[in-house]
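A.B. asks: Structure file run-v1.txt, compact mmCIF, C-alpha atoms, is pasted below:
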```
# COMPACT_ATOMS: atom_id res chain seq x y z
CA MET G 1424 124.03 91.49 98.64
CA GLU G 1425 126.46 89.46 100.68
CA SER G 1426 127.88 86.34 99.12
CA SER G 1427 126.79 82.92 100.35
CA ASP G 1428 127.65 79.27 99.92
CA GLN G 1429 124.34 78.46 98.26
CA GLY G 1430 125.69 78.28 94.70
CA PRO G 1431 125.23 80.47 91.64
CA GLY G 1432 121.65 79.42 90.90
CA ILE G 1433 120.18 80.81 94.10
CA GLU G 1434 122.31 83.95 93.89
CA VAL G 1435 121.05 84.73 90.41
CA ALA G 1436 117.44 84.08 91.39
CA LEU G 1437 117.62 86.21 94.52
CA GLU G 1438 119.35 89.02 92.64
CA ALA G 1439 116.59 88.99 90.02
CA LEU G 1440 114.00 89.19 92.78
CA THR G 1441 115.67 92.16 94.47
CA GLN G 1442 115.92 93.95 91.14
CA ARG G 1443 112.15 93.66 90.76
CA PHE G 1444 111.77 95.30 94.15
CA GLY G 1445 114.34 97.95 93.29
CA TYR G 1446 116.38 97.17 96.39
CA ILE G 1447 119.65 95.30 97.00
CA PHE G 1448 120.08 93.80 100.48
CA SER G 1449 123.23 94.55 102.44
CA ASP G 1450 122.63 91.36 104.41
CA SER G 1451 120.97 88.65 102.28
CA THR G 1452 120.02 86.64 105.37
CA PHE G 1453 117.15 89.09 105.90
CA LEU G 1454 115.73 88.11 102.53
CA ILE G 1455 116.25 84.36 103.12
CA HIS G 1456 114.44 84.73 106.44
CA ALA G 1457 111.56 86.60 104.76
CA LEU G 1458 111.19 83.79 102.22
CA THR G 1459 110.91 81.05 104.87
CA HIS G 1460 107.36 79.87 105.53
CA ARG G 1461 106.39 78.46 108.93
CA SER G 1462 105.80 75.02 107.38
CA CYS G 1463 109.53 74.76 106.77
CA SER G 1464 111.59 73.13 109.53
CA ILE G 1465 115.27 72.38 110.05
CA GLN G 1466 114.66 68.68 109.48
CA GLU G 1467 112.92 69.08 106.13
CA ASN G 1468 114.51 68.81 102.74
CA VAL G 1469 113.35 72.18 101.45
CA LYS G 1470 113.34 72.74 97.71
CA SER G 1471 111.99 75.39 95.40
CA ALA G 1472 109.72 74.86 92.41
CA ASP G 1473 112.98 74.69 90.47
CA GLU G 1474 115.18 72.40 92.55
CA THR G 1475 118.32 73.94 91.06
CA LEU G 1476 117.51 77.27 92.71
CA MET G 1477 116.80 76.60 96.37
CA PRO G 1478 119.16 74.29 98.28
CA VAL G 1479 118.60 72.77 101.70
CA LEU G 1480 118.96 75.47 104.34
CA PRO G 1481 119.46 75.25 108.10
CA VAL G 1482 116.17 77.01 108.78
CA GLN G 1483 115.79 78.20 112.36
CA GLU G 1484 113.01 80.79 112.17
CA HIS G 1485 110.03 81.36 109.89
CA ASN G 1486 108.92 84.71 108.53
CA GLU G 1487 105.83 85.52 110.60
CA ARG G 1488 107.55 88.14 112.78
CA LEU G 1489 108.83 89.87 109.64
CA GLU G 1490 105.32 89.63 108.20
CA PHE G 1491 103.96 91.36 111.32
CA LEU G 1492 106.50 94.15 110.93
CA GLY G 1493 105.97 94.50 107.19
CA ASP G 1494 102.19 94.74 107.63
CA ALA G 1495 102.63 97.71 109.98
CA VAL G 1496 105.16 99.37 107.67
CA LEU G 1497 102.84 98.98 104.67
CA ASP G 1498 99.86 100.41 106.55
CA LEU G 1499 101.86 103.51 107.48
CA LEU G 1500 103.42 104.10 104.07
CA ILE G 1501 100.27 103.43 102.06
CA SER G 1502 98.31 105.71 104.40
CA ASN G 1503 100.91 108.43 103.84
CA MET G 1504 100.73 108.01 100.06
CA LEU G 1505 96.94 108.17 100.01
CA TYR G 1506 96.90 111.19 102.33
CA HIS G 1507 99.15 113.18 99.99
CA TYR G 1508 97.82 111.89 96.66
CA TYR G 1509 94.19 112.65 97.52
CA PRO G 1510 93.99 115.69 99.86
CA GLU G 1511 90.25 116.18 99.22
CA VAL G 1512 89.15 112.59 99.94
CA ALA G 1513 87.58 111.84 103.34
CA GLU G 1514 89.11 109.48 105.90
CA GLY G 1515 86.52 106.76 105.41
CA ARG G 1516 87.26 106.43 101.72
CA LEU G 1517 91.01 106.54 102.32
CA SER G 1518 90.59 103.65 104.76
CA GLN G 1519 88.68 101.67 102.16
CA TRP G 1520 91.33 102.32 99.54
CA ARG G 1521 94.08 101.26 101.92
CA SER G 1522 92.26 97.99 102.58
CA THR G 1523 91.94 97.52 98.82
CA LEU G 1524 95.68 97.93 98.34
CA VAL G 1525 96.80 96.04 101.46
CA ASN G 1526 94.91 92.77 101.66
CA THR G 1527 95.66 89.12 101.03
CA HIS G 1528 94.34 89.11 97.49
CA SER G 1529 96.06 92.27 96.23
CA LEU G 1530 99.37 91.54 97.95
CA GLY G 1531 99.26 87.98 96.69
CA LYS G 1532 98.80 89.24 93.13
CA ILE G 1533 101.79 91.58 93.44
CA ALA G 1534 103.92 88.75 94.83
CA LYS G 1535 102.82 86.51 91.97
CA ASP G 1536 103.72 89.19 89.43
CA PHE G 1537 107.16 89.47 91.07
CA ASP G 1538 107.57 85.67 90.92
CA VAL G 1539 108.09 85.45 94.68
CA GLY G 1540 106.52 82.00 94.89
CA ALA G 1541 109.41 80.23 93.16
CA LEU G 1542 111.77 81.19 95.98
CA ILE G 1543 109.65 80.56 99.07
CA HIS G 1544 110.96 77.90 101.46
CA LEU G 1545 108.07 75.52 102.12
CA GLY G 1546 107.60 72.33 104.06
CA ARG G 1547 106.60 69.18 102.19
CA GLY G 1548 102.92 69.49 103.10
CA GLU G 1549 102.55 73.01 101.73
CA GLU G 1550 104.67 72.14 98.72
CA MET G 1551 102.38 69.22 97.86
CA SER G 1552 99.21 71.30 98.34
CA GLY G 1553 100.30 74.06 95.96
CA GLY G 1554 101.45 76.54 98.58
CA ARG G 1555 103.48 78.55 96.08
CA CYS G 1556 100.27 79.64 94.37
CA LYS G 1557 98.23 80.45 97.50
CA SER G 1558 97.37 84.14 97.81
CA SER G 1559 97.71 83.97 101.60
CA ILE G 1560 101.26 82.61 101.49
CA LEU G 1561 102.31 84.93 98.66
CA GLY G 1562 100.80 88.01 100.32
CA ASN G 1563 102.28 87.21 103.72
CA THR G 1564 105.69 86.64 102.15
CA LEU G 1565 105.50 90.02 100.41
CA GLU G 1566 104.80 91.66 103.77
CA ALA G 1567 107.76 89.77 105.26
CA ILE G 1568 110.02 91.06 102.48
CA ILE G 1569 108.87 94.62 103.21
CA GLY G 1570 109.71 94.04 106.87
CA ALA G 1571 113.11 92.66 105.91
CA ILE G 1572 113.87 95.71 103.76
CA PHE G 1573 112.93 97.98 106.66
CA LEU G 1574 115.36 96.16 108.98
CA ASP G 1575 118.12 95.98 106.39
CA GLY G 1576 117.92 99.47 104.91
CA GLY G 1577 115.81 101.61 107.21
CA PHE G 1578 112.74 103.77 106.72
CA ASN G 1579 113.85 105.75 103.67
CA ALA G 1580 114.81 102.59 101.79
CA VAL G 1581 111.54 100.79 102.43
CA GLN G 1582 109.59 103.94 101.63
CA GLN G 1583 111.21 104.04 98.18
CA VAL G 1584 110.42 100.37 97.60
CA VAL G 1585 106.78 100.74 98.61
CA HIS G 1586 106.44 103.81 96.40
CA HIS G 1587 108.02 101.89 93.52
CA ILE G 1588 105.49 99.06 93.91
CA PHE G 1589 102.31 100.91 94.85
CA ALA G 1590 102.48 104.36 93.25
CA PRO G 1591 100.95 103.15 89.95
CA LEU G 1592 98.13 101.44 91.87
CA VAL G 1593 97.48 104.50 94.05
CA ALA G 1594 97.42 106.76 90.98
CA GLN G 1595 94.68 104.58 89.41
CA LEU G 1596 92.24 105.13 92.27
CA GLU G 1597 89.22 107.19 91.28
CA PRO G 1598 87.73 109.70 93.74
CA SER G 1599 84.74 109.93 91.40
CA GLY G 1600 84.04 106.29 92.18
CA VAL G 1601 82.77 107.23 95.65
CA GLY G 1602 79.15 106.27 96.02
CA LYS G 1603 79.12 103.57 93.34
CA ASP G 1604 76.95 100.60 94.32
CA TYR G 1605 79.56 97.92 93.71
CA LYS G 1606 77.41 95.16 95.21
CA SER G 1607 74.69 95.75 92.62
CA LEU G 1608 77.24 96.08 89.83
CA LEU G 1609 78.89 92.81 90.85
CA GLN G 1610 75.53 91.04 91.01
CA GLU G 1611 74.58 92.32 87.55
CA HIS G 1612 77.85 91.20 85.98
CA LEU G 1613 77.74 87.77 87.60
CA GLN G 1614 74.17 87.23 86.45
CA ALA G 1615 75.15 88.26 82.92
CA GLN G 1616 77.92 85.65 82.98
CA GLY G 1617 75.68 82.94 84.43
CA ILE G 1618 77.71 82.84 87.66
CA ALA G 1619 76.05 82.29 91.03
CA LEU G 1620 75.48 85.38 93.18
CA PRO G 1621 78.15 86.26 95.74
CA THR G 1622 77.83 85.68 99.46
CA TYR G 1623 79.08 88.07 102.14
CA GLN G 1624 80.26 87.17 105.61
CA VAL G 1625 81.50 89.40 108.42
CA VAL G 1626 84.92 88.07 109.43
CA THR G 1627 85.86 90.45 112.24
CA ILE G 1628 84.53 93.53 114.03
CA GLU G 1629 87.22 95.57 115.73
CA GLY G 1630 87.46 98.79 117.68
CA ALA G 1631 85.36 100.67 120.23
CA PRO G 1632 81.58 100.99 119.62
CA HIS G 1633 82.02 104.45 118.07
CA GLU G 1634 85.02 103.39 115.97
CA ARG G 1635 83.99 100.02 114.56
CA LEU G 1636 86.00 98.53 111.71
CA PHE G 1637 84.22 95.72 109.88
CA SER G 1638 86.08 93.14 107.80
CA VAL G 1639 83.94 91.25 105.30
CA ALA G 1640 84.68 88.33 102.99
CA CYS G 1641 82.93 88.16 99.62
CA GLN G 1642 82.87 84.65 98.14
CA VAL G 1643 82.37 84.37 94.38
CA ASP G 1644 82.34 81.12 92.42
CA PHE G 1645 85.06 82.20 90.01
CA SER G 1646 87.61 82.52 92.85
CA SER G 1647 88.70 79.95 95.43
CA THR G 1648 89.85 82.81 97.67
CA PRO G 1649 87.31 85.25 99.14
CA PHE G 1650 87.69 88.95 98.38
CA SER G 1651 88.12 91.08 101.47
CA GLY G 1652 86.81 94.52 102.31
CA GLN G 1653 86.89 96.83 105.31
CA GLY G 1654 84.76 99.75 106.38
CA ARG G 1655 83.27 101.66 109.27
CA THR G 1656 79.95 99.93 108.61
CA LYS G 1657 79.06 96.48 107.37
CA ARG G 1658 77.71 98.00 104.16
CA GLU G 1659 80.96 99.90 103.48
CA ALA G 1660 82.97 96.72 104.00
CA GLU G 1661 80.70 94.74 101.67
CA GLN G 1662 80.95 97.46 99.02
CA GLU G 1663 84.75 97.35 99.19
CA ALA G 1664 84.80 93.56 98.94
CA ALA G 1665 82.51 93.72 95.92
CA ARG G 1666 84.76 96.36 94.35
CA ASN G 1667 87.76 94.04 94.73
CA ALA G 1668 85.83 91.21 93.10
CA LEU G 1669 84.90 93.50 90.20
CA ALA G 1670 88.55 94.46 89.79
CA GLU G 1671 89.44 90.80 89.40
CA LEU G 1672 86.73 90.46 86.77
CA LYS G 1673 88.48 93.34 84.96
CA PHE G 1674 85.25 95.31 84.78
CA LEU G 1675 86.24 97.99 87.27
CA LEU G 1676 88.09 100.40 84.99
CA ASP G 1677 85.21 100.50 82.56
CA ILE G 1678 82.67 100.85 85.35
CA GLU G 1679 84.43 103.80 86.99
CA LYS G 1680 84.65 105.67 83.69
CA THR G 1681 80.85 105.78 83.50
```
As a first step, turn the structure in this file into structure tokens.

C.D. replies:
Amino acid sequence: MESSDQGPGIEVALEALTQRFGYIFSDSTFLIHALTHRSCSIQENVKSADETLMPVLPVQEHNERLEFLGDAVLDLLISNMLYHYYPEVAEGRLSQWRSTLVNTHSLGKIAKDFDVGALIHLGRGEEMSGGRCKSSILGNTLEAIIGAIFLDGGFNAVQQVVHHIFAPLVAQLEPSGVGKDYKSLLQEHLQAQGIALPTYQVVTIEGAPHERLFSVACQVDFSSTPFSGQGRTKREAEQEAARNALAELKFLLDIEKT
């Protein structure tokens, strides 16, 4: 990583972050750019959760373009991994699994585990409202970092990083889980815990009439953030959203062993 004038604190923190990703940037400005949220402006006094780490920066561009790029890179590389890991699984299930791995909730969790939030450049408003802990901001920042690695190191480099992060998650997927009624399982577990039943809402419907892709949000009382799911039908999308909610409840591994 190139040296900077930001002081030893930020250098140490950024180096620790890149080590978690298994990638060292040739040009650290790519990473700084990826960590800059749109709420951050050149006039604002931007600080990290630990003010000794993130100094004021002359921010000129936020990370949404990198996020756009990283999202596309992730879709391609995760699709490739699923295709080769599970040669007998049909396209519809592979699509569901990809949406399970690449969505706001799952990406936000990975970013949280990697402690990305402490280094995000935020404006005062987002800082005050707890932006460092929001799944949407964390997940989008992770996608931006993936985009930054692609620009800095190329396809082979980002492929290695994505494999490093996602291979354990891909390996845990269970082809035998196809056909499980996750909506019923979720309802049963919530009732057993005395939690209100989930609600499902169609967020988007994309594609031509014969190639519809439904995106559904499942809202459960134990989470402030809805769980997302995608599928070729509304039912498939709801099942995937319910599966993601079950995973958060930590019931999924036991369920899929039955």

A.B. asks: Have a look at G:Gly1493, G:Leu1500, G:Glu1514, G:Ser1647 and name the one nearest to Ser1558 in chain G; count only C-alpha atoms.

C.D. replies: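 Selected residue with least distance to Ser1558 in chain G: G:Ser1647.
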
A.B. asks: Calculate how many Å separate CA of Gln1519 in chain G from CA of Arg1655 in chain G, rounding to one decimal.

C.D. replies: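 These atoms are spaced 8.9 Å apart.
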
A.B. asks: Report as a tab-separated table: every residue of range 1560-1614 of chain G with an atom at most 12 Å from range 1521-1537 of chain G, its closest pair of atoms, and their distance in Å to one decimal, counting only C-alpha atoms, with rows sorted by chain and ascending residue number.

C.D. replies:
```
residue	atom	partner	partner_atom	distance
G:Ile1560	CA	G:Gly1531	CA	7.5
G:Leu1561	CA	G:Gly1531	CA	4.7
G:Gly1562	CA	G:Gly1531	CA	3.9
G:Asn1563	CA	G:Thr1527	CA	7.4
G:Thr1564	CA	G:Ala1534	CA	7.8
G:Leu1565	CA	G:Ala1534	CA	5.9
G:Glu1566	CA	G:Leu1530	CA	8.0
G:Ala1567	CA	G:Ala1534	CA	11.2
G:Ile1568	CA	G:Ala1534	CA	10.1
G:Ile1569	CA	G:Leu1530	CA	11.3
G:Val1585	CA	G:Val1525	CA	11.4
G:Ile1588	CA	G:Ile1533	CA	8.4
G:Phe1589	CA	G:Leu1524	CA	8.1
G:Ala1590	CA	G:Leu1524	CA	10.7
G:Pro1591	CA	G:Leu1524	CA	11.2
G:Leu1592	CA	G:Leu1524	CA	7.8
G:Val1593	CA	G:Leu1524	CA	8.1
G:Ala1594	CA	G:Leu1524	CA	11.6
G:Gln1595	CA	G:Leu1524	CA	11.2
G:Leu1596	CA	G:Leu1524	CA	10.0
```

A.B. asks: What is the CA of Glu1487 in chain G to CA of Ala1631 in chain G distance in Å?

C.D. replies: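 Between CA of Glu1487 in chain G and CA of Ala1631 in chain G the gap works out to 27.2 Å.
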
A.B. asks: For Leu1454 in chain G, which residue out of G:Ala1495, G:Phe1637, G:Arg1555, G:Ile1572 is the nearest one, using only C-alpha atoms?

C.D. replies: G:Ile1572

A.B. asks: In Å to one decimal, how far is CA of Glu1659 in chain G from CA of Tyr1506 in chain G?

C.D. replies: 19.6 Å

A.B. asks: I'd like the neighbourhood of Leu1672 in chain G as a PyMOL selection string, where a residue qualifies if any of its atoms comes within 10 Å (using all atoms listed in the file), though same-chain residues fewer than 4 positions away should be ignored.

C.D. replies: chain G and resi 1609+1612-1613+1645+1666-1668

A.B. asks: Given the selection you just returned, output its residues as a file containing C-alpha atoms, formatted as a PDB file, in the coordinates of the input.

C.D. replies:
```pdb
ATOM      1  CA  LEU G1609      78.890  92.810  90.850  1.00  0.00           C
ATOM      2  CA  HIS G1612      77.850  91.200  85.980  1.00  0.00           C
ATOM      3  CA  LEU G1613      77.740  87.770  87.600  1.00  0.00           C
ATOM      4  CA  PHE G1645      85.060  82.200  90.010  1.00  0.00           C
ATOM      5  CA  ARG G1666      84.760  96.360  94.350  1.00  0.00           C
ATOM      6  CA  ASN G1667      87.760  94.040  94.730  1.00  0.00           C
ATOM      7  CA  ALA G1668      85.830  91.210  93.100  1.00  0.00           C
TER       8      ALA G1668
END
```

A.B. asks: Could you give me, as a PyMOL selection string, the residues that sit within 10 Å of (114.1, 103.0, 100.0) in the file's coordinates, counting all atoms listed in the file?

C.D. replies: chain G and resi 1444-1447+1572-1573+1576-1587
